[in-house]
Protein chains: 2
Amino acid sequence: MAATIIEVAKLAGVSPATVSRAFGKPDLLSERTRGAVLAAAERLGYTPNRAAKGLVTGKTGNIGILLPDIVNPFYPPVVKGATDRAAAADLSVFLATTELDPRRELTVAREMAKQVDGLVLCATELRDDEVAELAAQCAVVLVNGEKPQLPSVVVDTGPGMLEAVEHLAELGHSRFDYLSGPATSWSNERRMSFLRRQADRLGLRVEVRGPFSPSYDAGTVAADEVLASGASAVIAFDDQMALGVLSRLHELGIDVPGQVSVIGCDDVLPVGMARPALTTVKAPCARLGRAAVEVLLGGATEVRQQSYQGNLVIRDSTGPAVRRRPRGHAAPRPA
Amino acid sequence: MAATIIEVAKLAGVSPATVSRAFGKPDLLSERTRGAVLAAAERLGYTPNRAAKGLVTGKTGNIGILLPDIVNPFYPPVVKGATDRAAAADLSVFLATTELDPRRELTVAREMAKQVDGLVLCATELRDDEVAELAAQCAVVLVNGEKPQLPSVVVDTGPGMLEAVEHLAELGHSRFDYLSGPATSWSNERRMSFLRRQADRLGLRVEVRGPFSPSYDAGTVAADEVLASGASAVIAFDDQMALGVLSRLHELGIDVPGQVSVIGCDDVLPVGMARPALTTVKAPCARLGRAAVEVLLGGATEVRQQSYQGNLVIRDSTGPAVRRRPRGHAAPRPA
DNA sequence: TTGTATGCGTTATCAA
DNA sequence: TTGATAACGCATACAA
């Protein structure tokens, strides 16, 4: 159906090799022949077949992006950043999701690795050796992850988390809960350790609850735990969870931020529309995707890790601390 | 780097053709040789090269999905539906976005068409002849679109819109505004004509404003127009716009639904968290994606159009009508 | 049931 | 500056 290099060659009165050069190495051709070839190609609607080209060159012109769940609002901006950058470099992009199943992730990743020049692994749950196996087949870059010998692009939650804890301290909170994301999550791990360090430094007490799945529903469940714990503030792994918390607290008639302060993470949903508008730590998602592809383009050998800083966006879900007592306890708790 | 059919053949002591058959047509082989081949392949970490296979079979094992903007929350569920179904059929999926640029859409679509067996075109702005050109190269299915001779999968906004208008009528509204989406949008066109018909039938008056881009920001602008028009209710093209409207009205101190009722479309964001919770017409996005891929798998020749029905989800942003006067007018308007 | 030979569309090597 | 030819990794028609 589609025209091949041969038909174009025939029409232009040149050899197939010349047609190939007209597209691949135009400077090697005289202006005249190049013009003739391009005209013939145009008439036939010819464009090079990438698969065939890839077979001989060893480069596919494709990259792959593998992520846990495209419905998680964190990822669409990442994908956008990646596809935009890829398109600019004339790369096609494969997208696949792991559906949070590590076994499936390996299968899919292996399959992809054979068809692409580079692979973007987001929040991977693969083991070091599994990722190494993939890296032997094609360039690999990690997004929000870290593996020996491999380049990665991450959001640096440090500064944002610091701001968040300082914000709570200024509001007079002496302790808060952290709602943990998936246990296997590198981001969660980092966030947690940062939070602990900063809380220590500022003399606050943190308690970690969870792990929870990063979802609205998990947030509604977590809210009850927070209430029972008696914490006057809570930081959630992501905005979806934070929204769930808000929803449950509202349902229970708990005033936010009057009785409990809530902080989310990512600022990727229109959380300003929440009731109340959600204070959150913004993540530069689109940059992540763009940078990841750039690492792939650059051969992935220079910088080991690139990080992009998030920052606290203060809205209406955080306010001055009040002394509360845990739910279900009759006696007030000593401070 | 990666093992080929030849090396496996050597190791297994068979011909390359036999190795090929072990993967493609296992029943043609004796159990013994098949086992030997598979074992050898396993040892070498061999899996068939899809590009090479595609070159000879004419089937790539890939499908492509082309959509305006992955950050528009309508699309991630569609993509999820599509990738899930594709994965089940052992297809890889290319993703590309048009960034709402019709010229770019054609380029990208052409590029994709060469590398895939089937193409899912979402809300395409391509002309009939351009899509026909693509359809000559590979199977094509439209999502939320309609072209001569081509299969399509759409959300049937009819019933939902009917419910919405009935809902407004019951609440005593005698007129409402519709905030139009992009002028080129097939969905918008359908929605608008349905709304007009139902409004006529129920004796309400509609006024169409816009077109607007399907975004939060556009909604904030549109809100002022609605206010100036004096309508007591407004239906927005999508939830993002509706949230923008809500935000602007809140900023202006206009009570929703006390003074103005607001209805969105899609129910894809956690709009229940909006202030107030948004009444909206739910769209079955994930089904759309799944069905689209299924059409591609089925050869795309049976049913011309498949539609999935949305329905109204009533929350808190709609309420009884009050008589208002347009902003900036001194005199009350006659009913 | 298995092996041999050919071709898919392209680029790269070498010669002209 | 251009052409002929050999791969690239695989599936298939045909032969055995």
# chains A, B, ... in the order shown; residues from 1 in each chain; ligands from 1

$ interface_residues --of "chain B" --to "chain C" --cutoff "12 Å" --atoms "only C-alpha atoms (C1' of nucleotides)" --output "JSON list (two decimals) with N, CA, C and O atoms, in the first residue's frame"
[["chain", "number", "residue", "atom", "x", "y", "z"],
["B", 9, "ALA", "N", 18.85, -20.91, 17.21],
["B", 9, "ALA", "CA", 18.83, -22.10, 16.36],
["B", 9, "ALA", "C", 20.10, -22.91, 16.55],
["B", 9, "ALA", "O", 20.06, -24.13, 16.70],
["B", 13, "GLY", "N", 20.35, -26.53, 18.06],
["B", 13, "GLY", "CA", 20.65, -27.52, 17.04],
["B", 13, "GLY", "C", 19.53, -27.70, 16.04],
["B", 13, "GLY", "O", 19.26, -28.81, 15.57],
["B", 14, "VAL", "N", 18.84, -26.62, 15.71],
["B", 14, "VAL", "CA", 17.76, -26.69, 14.72],
["B", 14, "VAL", "C", 17.95, -25.56, 13.71],
["B", 14, "VAL", "O", 18.89, -24.78, 13.83],
["B", 15, "SER", "N", 17.04, -25.45, 12.76],
["B", 15, "SER", "CA", 17.14, -24.37, 11.79],
["B", 15, "SER", "C", 16.42, -23.13, 12.32],
["B", 15, "SER", "O", 15.54, -23.24, 13.16],
["B", 16, "PRO", "N", 16.79, -21.98, 11.79],
["B", 16, "PRO", "CA", 16.14, -20.74, 12.19],
["B", 16, "PRO", "C", 14.62, -20.81, 12.02],
["B", 16, "PRO", "O", 13.88, -20.29, 12.86],
["B", 17, "ALA", "N", 14.19, -21.43, 10.96],
["B", 17, "ALA", "CA", 12.75, -21.52, 10.71],
["B", 17, "ALA", "C", 12.04, -22.22, 11.86],
["B", 17, "ALA", "O", 10.94, -21.84, 12.26],
["B", 18, "THR", "N", 12.69, -23.20, 12.40],
["B", 18, "THR", "CA", 12.10, -23.94, 13.52],
["B", 18, "THR", "C", 11.95, -23.05, 14.75],
["B", 18, "THR", "O", 10.94, -23.09, 15.45],
["B", 19, "VAL", "N", 12.95, -22.23, 14.96],
["B", 19, "VAL", "CA", 12.87, -21.31, 16.09],
["B", 19, "VAL", "C", 11.70, -20.36, 15.89],
["B", 19, "VAL", "O", 10.91, -20.11, 16.80],
["B", 20, "SER", "N", 11.60, -19.85, 14.67],
["B", 20, "SER", "CA", 10.49, -18.96, 14.35],
["B", 20, "SER", "C", 9.16, -19.62, 14.66],
["B", 20, "SER", "O", 8.29, -19.05, 15.30],
["B", 21, "ARG", "N", 9.04, -20.84, 14.23],
["B", 21, "ARG", "CA", 7.78, -21.58, 14.46],
["B", 21, "ARG", "C", 7.52, -21.83, 15.94],
["B", 21, "ARG", "O", 6.37, -21.83, 16.38],
["B", 22, "ALA", "N", 8.59, -22.05, 16.68],
["B", 22, "ALA", "CA", 8.40, -22.32, 18.11],
["B", 22, "ALA", "C", 7.64, -21.19, 18.78],
["B", 22, "ALA", "O", 6.89, -21.39, 19.73],
["B", 26, "PRO", "N", 3.49, -22.81, 17.34],
["B", 26, "PRO", "CA", 4.03, -23.88, 18.18],
["B", 26, "PRO", "C", 3.48, -25.26, 17.84],
["B", 26, "PRO", "O", 4.16, -26.26, 18.00],
["B", 27, "ASP", "N", 2.24, -25.31, 17.34],
["B", 27, "ASP", "CA", 1.59, -26.60, 17.12],
["B", 27, "ASP", "C", 2.24, -27.35, 15.95],
["B", 27, "ASP", "O", 2.05, -28.54, 15.79],
["B", 28, "LEU", "N", 2.95, -26.63, 15.13],
["B", 28, "LEU", "CA", 3.58, -27.27, 13.97],
["B", 28, "LEU", "C", 4.82, -28.07, 14.37],
["B", 28, "LEU", "O", 5.39, -28.76, 13.55],
["B", 29, "LEU", "N", 5.21, -27.91, 15.62],
["B", 29, "LEU", "CA", 6.46, -28.56, 16.04],
["B", 29, "LEU", "C", 6.20, -29.75, 16.96],
["B", 29, "LEU", "O", 5.20, -29.79, 17.67],
["B", 30, "SER", "N", 7.09, -30.68, 16.93],
["B", 30, "SER", "CA", 6.99, -31.78, 17.88],
["B", 30, "SER", "C", 7.29, -31.22, 19.26],
["B", 30, "SER", "O", 8.06, -30.27, 19.41],
["B", 31, "GLU", "N", 6.70, -31.83, 20.22],
["B", 31, "GLU", "CA", 6.85, -31.32, 21.57],
["B", 31, "GLU", "C", 8.32, -31.26, 21.99],
["B", 31, "GLU", "O", 8.74, -30.33, 22.66],
["B", 32, "ARG", "N", 9.05, -32.23, 21.51],
["B", 32, "ARG", "CA", 10.46, -32.30, 21.90],
["B", 32, "ARG", "C", 11.26, -31.11, 21.38],
["B", 32, "ARG", "O", 11.92, -30.41, 22.14],
["B", 33, "THR", "N", 11.18, -30.88, 20.08],
["B", 33, "THR", "CA", 11.96, -29.78, 19.50],
["B", 33, "THR", "C", 11.49, -28.44, 20.05],
["B", 33, "THR", "O", 12.29, -27.57, 20.34],
["B", 34, "ARG", "N", 10.20, -28.31, 20.20],
["B", 34, "ARG", "CA", 9.69, -27.06, 20.73],
["B", 34, "ARG", "C", 10.30, -26.79, 22.10],
["B", 34, "ARG", "O", 10.77, -25.70, 22.40],
["B", 51, "ALA", "N", 10.02, -5.44, 15.28],
["B", 51, "ALA", "CA", 10.18, -4.63, 14.07],
["B", 51, "ALA", "C", 10.45, -5.54, 12.87],
["B", 51, "ALA", "O", 9.86, -5.39, 11.81],
["B", 52, "ALA", "N", 11.36, -6.48, 13.09],
["B", 52, "ALA", "CA", 11.71, -7.39, 12.01],
["B", 52, "ALA", "C", 10.50, -8.23, 11.60],
["B", 52, "ALA", "O", 10.22, -8.42, 10.42],
["B", 53, "LYS", "N", 9.81, -8.68, 12.61],
["B", 53, "LYS", "CA", 8.60, -9.46, 12.37],
["B", 53, "LYS", "C", 7.59, -8.65, 11.56],
["B", 53, "LYS", "O", 6.99, -9.13, 10.60],
["B", 54, "GLY", "N", 7.42, -7.40, 11.98],
["B", 54, "GLY", "CA", 6.47, -6.54, 11.31],
["B", 54, "GLY", "C", 6.84, -6.30, 9.85],
["B", 54, "GLY", "O", 5.98, -6.21, 8.97],
["B", 55, "LEU", "N", 8.12, -6.24, 9.61],
["B", 55, "LEU", "CA", 8.58, -5.98, 8.26],
["B", 55, "LEU", "C", 8.10, -7.07, 7.31],
["B", 55, "LEU", "O", 7.69, -6.79, 6.18],
["B", 56, "VAL", "N", 8.14, -8.29, 7.78],
["B", 56, "VAL", "CA", 7.75, -9.38, 6.89],
["B", 56, "VAL", "C", 6.25, -9.68, 6.93],
["B", 56, "VAL", "O", 5.67, -10.03, 5.91],
["B", 57, "THR", "N", 5.64, -9.50, 8.07],
["B", 57, "THR", "CA", 4.21, -9.84, 8.16],
["B", 57, "THR", "C", 3.29, -8.68, 7.75],
["B", 57, "THR", "O", 2.14, -8.89, 7.41],
["B", 58, "GLY", "N", 3.82, -7.48, 7.85],
["B", 58, "GLY", "CA", 2.96, -6.34, 7.55],
["B", 58, "GLY", "C", 2.15, -5.88, 8.75],
["B", 58, "GLY", "O", 1.45, -4.88, 8.71],
["B", 59, "LYS", "N", 2.26, -6.65, 9.84],
["B", 59, "LYS", "CA", 1.56, -6.24, 11.08],
["B", 59, "LYS", "C", 2.61, -5.82, 12.10],
["B", 59, "LYS", "O", 3.57, -6.54, 12.34]]

$ select_by_dssp --residues "stretch 62-184 of chain A" --states "alpha helix (DSSP H)" --output "ChimeraX atom specification"
/A:75-88,102-113,128-137,158-170

$ write_last_selection --atoms "C-alpha atoms" --output "PDB file, in the first residue's frame"
ATOM      1  CA  TYR A  75       1.552  11.514  35.735  1.00  0.00           C
ATOM      2  CA  PRO A  76      -0.273  13.277  32.920  1.00  0.00           C
ATOM      3  CA  PRO A  77       1.945  16.357  33.277  1.00  0.00           C
ATOM      4  CA  VAL A  78       5.006  14.132  33.371  1.00  0.00           C
ATOM      5  CA  VAL A  79       3.868  12.433  30.201  1.00  0.00           C
ATOM      6  CA  LYS A  80       3.165  15.752  28.593  1.00  0.00           C
ATOM      7  CA  GLY A  81       6.646  16.994  29.379  1.00  0.00           C
ATOM      8  CA  ALA A  82       8.111  13.816  27.975  1.00  0.00           C
ATOM      9  CA  THR A  83       6.047  13.633  24.790  1.00  0.00           C
ATOM     10  CA  ASP A  84       6.616  17.284  24.018  1.00  0.00           C
ATOM     11  CA  ARG A  85      10.349  16.927  24.304  1.00  0.00           C
ATOM     12  CA  ALA A  86      10.311  13.671  22.393  1.00  0.00           C
ATOM     13  CA  ALA A  87       8.279  15.164  19.577  1.00  0.00           C
ATOM     14  CA  ALA A  88      10.791  17.985  19.292  1.00  0.00           C
ATOM     15  CA  PRO A 102       5.642  -5.490  39.791  1.00  0.00           C
ATOM     16  CA  ARG A 103       5.535  -8.727  37.844  1.00  0.00           C
ATOM     17  CA  ARG A 104       3.689  -7.058  35.056  1.00  0.00           C
ATOM     18  CA  GLU A 105       6.122  -4.186  35.178  1.00  0.00           C
ATOM     19  CA  LEU A 106       9.039  -6.432  34.357  1.00  0.00           C
ATOM     20  CA  THR A 107       7.272  -8.107  31.472  1.00  0.00           C
ATOM     21  CA  VAL A 108       6.174  -4.844  29.966  1.00  0.00           C
ATOM     22  CA  ALA A 109       9.551  -3.231  30.472  1.00  0.00           C
ATOM     23  CA  ARG A 110      11.327  -6.104  28.768  1.00  0.00           C
ATOM     24  CA  GLU A 111       8.957  -5.963  25.859  1.00  0.00           C
ATOM     25  CA  MET A 112       9.470  -2.232  25.522  1.00  0.00           C
ATOM     26  CA  ALA A 113      13.224  -2.379  25.871  1.00  0.00           C
ATOM     27  CA  ASP A 128      18.252  -3.313  40.964  1.00  0.00           C
ATOM     28  CA  ASP A 129      19.288  -6.324  38.926  1.00  0.00           C
ATOM     29  CA  GLU A 130      16.123  -6.239  36.852  1.00  0.00           C
ATOM     30  CA  VAL A 131      16.663  -2.619  35.959  1.00  0.00           C
ATOM     31  CA  ALA A 132      20.288  -3.359  35.207  1.00  0.00           C
ATOM     32  CA  GLU A 133      19.173  -6.033  32.776  1.00  0.00           C
ATOM     33  CA  LEU A 134      17.025  -3.484  30.972  1.00  0.00           C
ATOM     34  CA  ALA A 135      19.813  -0.926  30.984  1.00  0.00           C
ATOM     35  CA  ALA A 136      21.978  -3.418  29.144  1.00  0.00           C
ATOM     36  CA  GLN A 137      19.494  -3.330  26.276  1.00  0.00           C
ATOM     37  CA  GLY A 158      13.263  18.564  50.771  1.00  0.00           C
ATOM     38  CA  PRO A 159      12.712  22.304  50.568  1.00  0.00           C
ATOM     39  CA  GLY A 160       8.951  21.975  50.218  1.00  0.00           C
ATOM     40  CA  MET A 161       8.692  19.620  53.162  1.00  0.00           C
ATOM     41  CA  LEU A 162      10.870  21.923  55.195  1.00  0.00           C
ATOM     42  CA  GLU A 163       8.558  24.803  54.400  1.00  0.00           C
ATOM     43  CA  ALA A 164       5.572  22.686  55.323  1.00  0.00           C
ATOM     44  CA  VAL A 165       6.961  21.755  58.708  1.00  0.00           C
ATOM     45  CA  GLU A 166       8.044  25.310  59.391  1.00  0.00           C
ATOM     46  CA  HIS A 167       4.586  26.465  58.425  1.00  0.00           C
ATOM     47  CA  LEU A 168       3.014  24.083  60.903  1.00  0.00           C
ATOM     48  CA  ALA A 169       5.501  25.086  63.604  1.00  0.00           C
ATOM     49  CA  GLU A 170       4.701  28.756  63.104  1.00  0.00           C
TER      50      GLU A 170
END

$ interface_residues --of "chain D" --to "chain B" --cutoff "7 Å" --atoms "only C-alpha atoms (C1' of nucleotides)" --output "MDAnalysis selection string"
chainID D and resid 9:11

$ atom_distance --atom1 "atom CA of B:Leu95" --atom2 "atom CA of B:Gly118"
12.2 Å

$ closest_residue --among "A:Asp69, A:Asp316, A:Glu251, A:Asp200" --to "chain B" --atoms "only C-alpha atoms"
A:Asp69

$ select_by_dssp --residues "stretch 76-322 of chain B" --states "strand (DSSP E)" --output "JSON, numbers by chain"
{"B": [92, 93, 94, 95, 96, 97, 118, 119, 120, 121, 122, 139, 140, 141, 142, 143, 152, 153, 154, 155, 156, 175, 176, 177, 178, 179, 205, 206, 207, 208, 209, 233, 234, 235, 236, 261, 262, 263, 264, 265, 266, 279, 280, 281, 282, 305, 306, 307, 308, 309, 311, 312, 313]}

$ residues_around --residues "stretch 239-246 of chain B" --least-positions-apart "2" --cutoff "8 Å" --atoms "only C-alpha atoms (C1' of nucleotides)" --output "ChimeraX atom specification"
/A:273 /B:214-223,235-237,248-250,256,262-269,271,274-276,278,280

$ write_last_selection --atoms "N, CA and C atoms" --output "tab-separated table (two decimals), in the first residue's frame"
chain	number	residue	atom	x	y	z
A	273	MET	N	-9.94	24.40	44.50
A	273	MET	CA	-11.40	24.31	44.56
A	273	MET	C	-11.89	23.46	45.72
B	214	PRO	N	-11.43	24.45	26.80
B	214	PRO	CA	-11.89	23.64	27.93
B	214	PRO	C	-10.90	23.74	29.08
B	215	SER	N	-10.95	24.83	29.80
B	215	SER	CA	-9.98	25.04	30.88
B	215	SER	C	-10.60	25.81	32.04
B	216	TYR	N	-9.96	25.68	33.14
B	216	TYR	CA	-10.35	26.39	34.36
B	216	TYR	C	-10.36	27.90	34.11
B	217	ASP	N	-9.30	28.40	33.52
B	217	ASP	CA	-9.18	29.83	33.28
B	217	ASP	C	-10.31	30.36	32.41
B	218	ALA	N	-10.62	29.62	31.36
B	218	ALA	CA	-11.71	30.04	30.49
B	218	ALA	C	-13.01	30.15	31.28
B	219	GLY	N	-13.17	29.23	32.23
B	219	GLY	CA	-14.37	29.25	33.05
B	219	GLY	C	-14.48	30.53	33.88
B	220	THR	N	-13.35	31.00	34.37
B	220	THR	CA	-13.41	32.22	35.19
B	220	THR	C	-13.84	33.40	34.34
B	221	VAL	N	-13.42	33.42	33.09
B	221	VAL	CA	-13.84	34.49	32.19
B	221	VAL	C	-15.32	34.36	31.85
B	222	ALA	N	-15.70	33.12	31.55
B	222	ALA	CA	-17.07	32.86	31.15
B	222	ALA	C	-18.06	33.27	32.24
B	223	ALA	N	-17.64	33.11	33.48
B	223	ALA	CA	-18.52	33.42	34.60
B	223	ALA	C	-19.04	34.86	34.51
B	235	ILE	N	-24.73	25.66	32.11
B	235	ILE	CA	-24.14	24.34	31.87
B	235	ILE	C	-22.84	24.55	31.11
B	236	ALA	N	-21.77	23.98	31.62
B	236	ALA	CA	-20.46	24.19	30.98
B	236	ALA	C	-20.07	22.97	30.15
B	237	PHE	N	-19.27	23.21	29.15
B	237	PHE	CA	-18.81	22.15	28.25
B	237	PHE	C	-18.11	21.04	29.01
B	248	ARG	N	-14.80	31.79	40.11
B	248	ARG	CA	-15.02	33.22	39.87
B	248	ARG	C	-16.27	33.72	40.60
B	249	LEU	N	-17.31	32.93	40.60
B	249	LEU	CA	-18.54	33.34	41.28
B	249	LEU	C	-18.28	33.48	42.78
B	250	HIS	N	-17.51	32.57	43.31
B	250	HIS	CA	-17.17	32.64	44.73
B	250	HIS	C	-16.40	33.91	45.04
B	256	VAL	N	-23.70	30.12	45.06
B	256	VAL	CA	-24.08	28.97	44.24
B	256	VAL	C	-24.51	27.86	45.18
B	262	VAL	N	-24.91	25.78	38.70
B	262	VAL	CA	-23.83	25.45	37.77
B	262	VAL	C	-23.78	23.93	37.54
B	263	ILE	N	-23.71	23.55	36.28
B	263	ILE	CA	-23.59	22.13	35.93
B	263	ILE	C	-22.36	21.92	35.05
B	264	GLY	N	-21.59	20.90	35.36
B	264	GLY	CA	-20.40	20.59	34.57
B	264	GLY	C	-20.64	19.39	33.67
B	265	CYS	N	-19.56	18.86	33.15
B	265	CYS	CA	-19.66	17.72	32.26
B	265	CYS	C	-18.42	16.86	32.36
B	266	ASP	N	-18.60	15.56	32.51
B	266	ASP	CA	-17.57	14.52	32.50
B	266	ASP	C	-17.43	13.79	33.84
B	267	ASP	N	-17.46	14.56	34.95
B	267	ASP	CA	-17.30	13.95	36.27
B	267	ASP	C	-16.00	13.18	36.39
B	268	VAL	N	-14.95	13.83	35.98
B	268	VAL	CA	-13.70	13.10	35.90
B	268	VAL	C	-12.69	13.60	36.94
B	269	LEU	N	-12.83	14.82	37.35
B	269	LEU	CA	-12.04	15.32	38.46
B	269	LEU	C	-12.78	14.99	39.74
B	271	VAL	N	-14.66	16.39	41.53
B	271	VAL	CA	-15.45	17.62	41.60
B	271	VAL	C	-16.39	17.64	42.79
B	274	ALA	N	-15.38	20.25	45.15
B	274	ALA	CA	-15.51	21.67	44.81
B	274	ALA	C	-16.38	22.38	45.84
B	275	ARG	N	-16.36	23.67	45.78
B	275	ARG	CA	-17.13	24.48	46.72
B	275	ARG	C	-18.17	25.24	45.93
B	276	PRO	N	-19.41	24.93	45.82
B	276	PRO	CA	-19.99	23.68	46.35
B	276	PRO	C	-19.70	22.50	45.44
B	278	LEU	N	-19.89	19.87	42.74
B	278	LEU	CA	-20.42	20.16	41.41
B	278	LEU	C	-21.40	19.11	40.88
B	280	THR	N	-22.93	17.38	37.80
B	280	THR	CA	-22.27	17.20	36.50
B	280	THR	C	-22.84	16.02	35.74

$ residues_around --residues "A:Ser193" --least-positions-apart "4" --cutoff "12 Å" --atoms "only C-alpha atoms (C1' of nucleotides)" --output "list in words"
Thr157, Gly158, Met161, Leu162, Tyr178, Ser180, Trp186, Ser187, Asn188, Glu189, Arg197, Gln198, Ala199, Asp200, Val206, Glu207 and Val208 of chain A

$ closest_residue --among "A:Ala36, A:Cys285, A:Leu66, A:Ala96" --to "chain B" --atoms "only C-alpha atoms"
A:Ala96

$ atom_distance --atom1 "atom CA of B:Ala231" --atom2 "atom CA of B:Lys282"
23.3 Å

$ atom_distance --atom1 "atom CA of B:Ser247" --atom2 "atom CA of A:Pro270"
10.5 Å

$ residues_around --residues "A:Val143" --least-positions-apart "6" --cutoff "6 Å" --atoms "only C-alpha atoms (C1' of nucleotides)" --output "JSON, numbers by chain"
{"A": [121, 122, 152, 153, 154]}

$ closest_residue --among "A:Ile314, A:Pro284, A:Gln115, A:Lys25" --to "chain B" --atoms "only C-alpha atoms"
A:Gln115

$ closest_residue --among "A:Lys10, A:Lys114, A:His173, A:Arg196" --to "chain B" --atoms "only C-alpha atoms"
A:Lys114

$ closest_residue --among "A:Phe23, A:Phe94, A:Phe74, A:Phe194" --to "chain B" --atoms "only C-alpha atoms"
A:Phe94
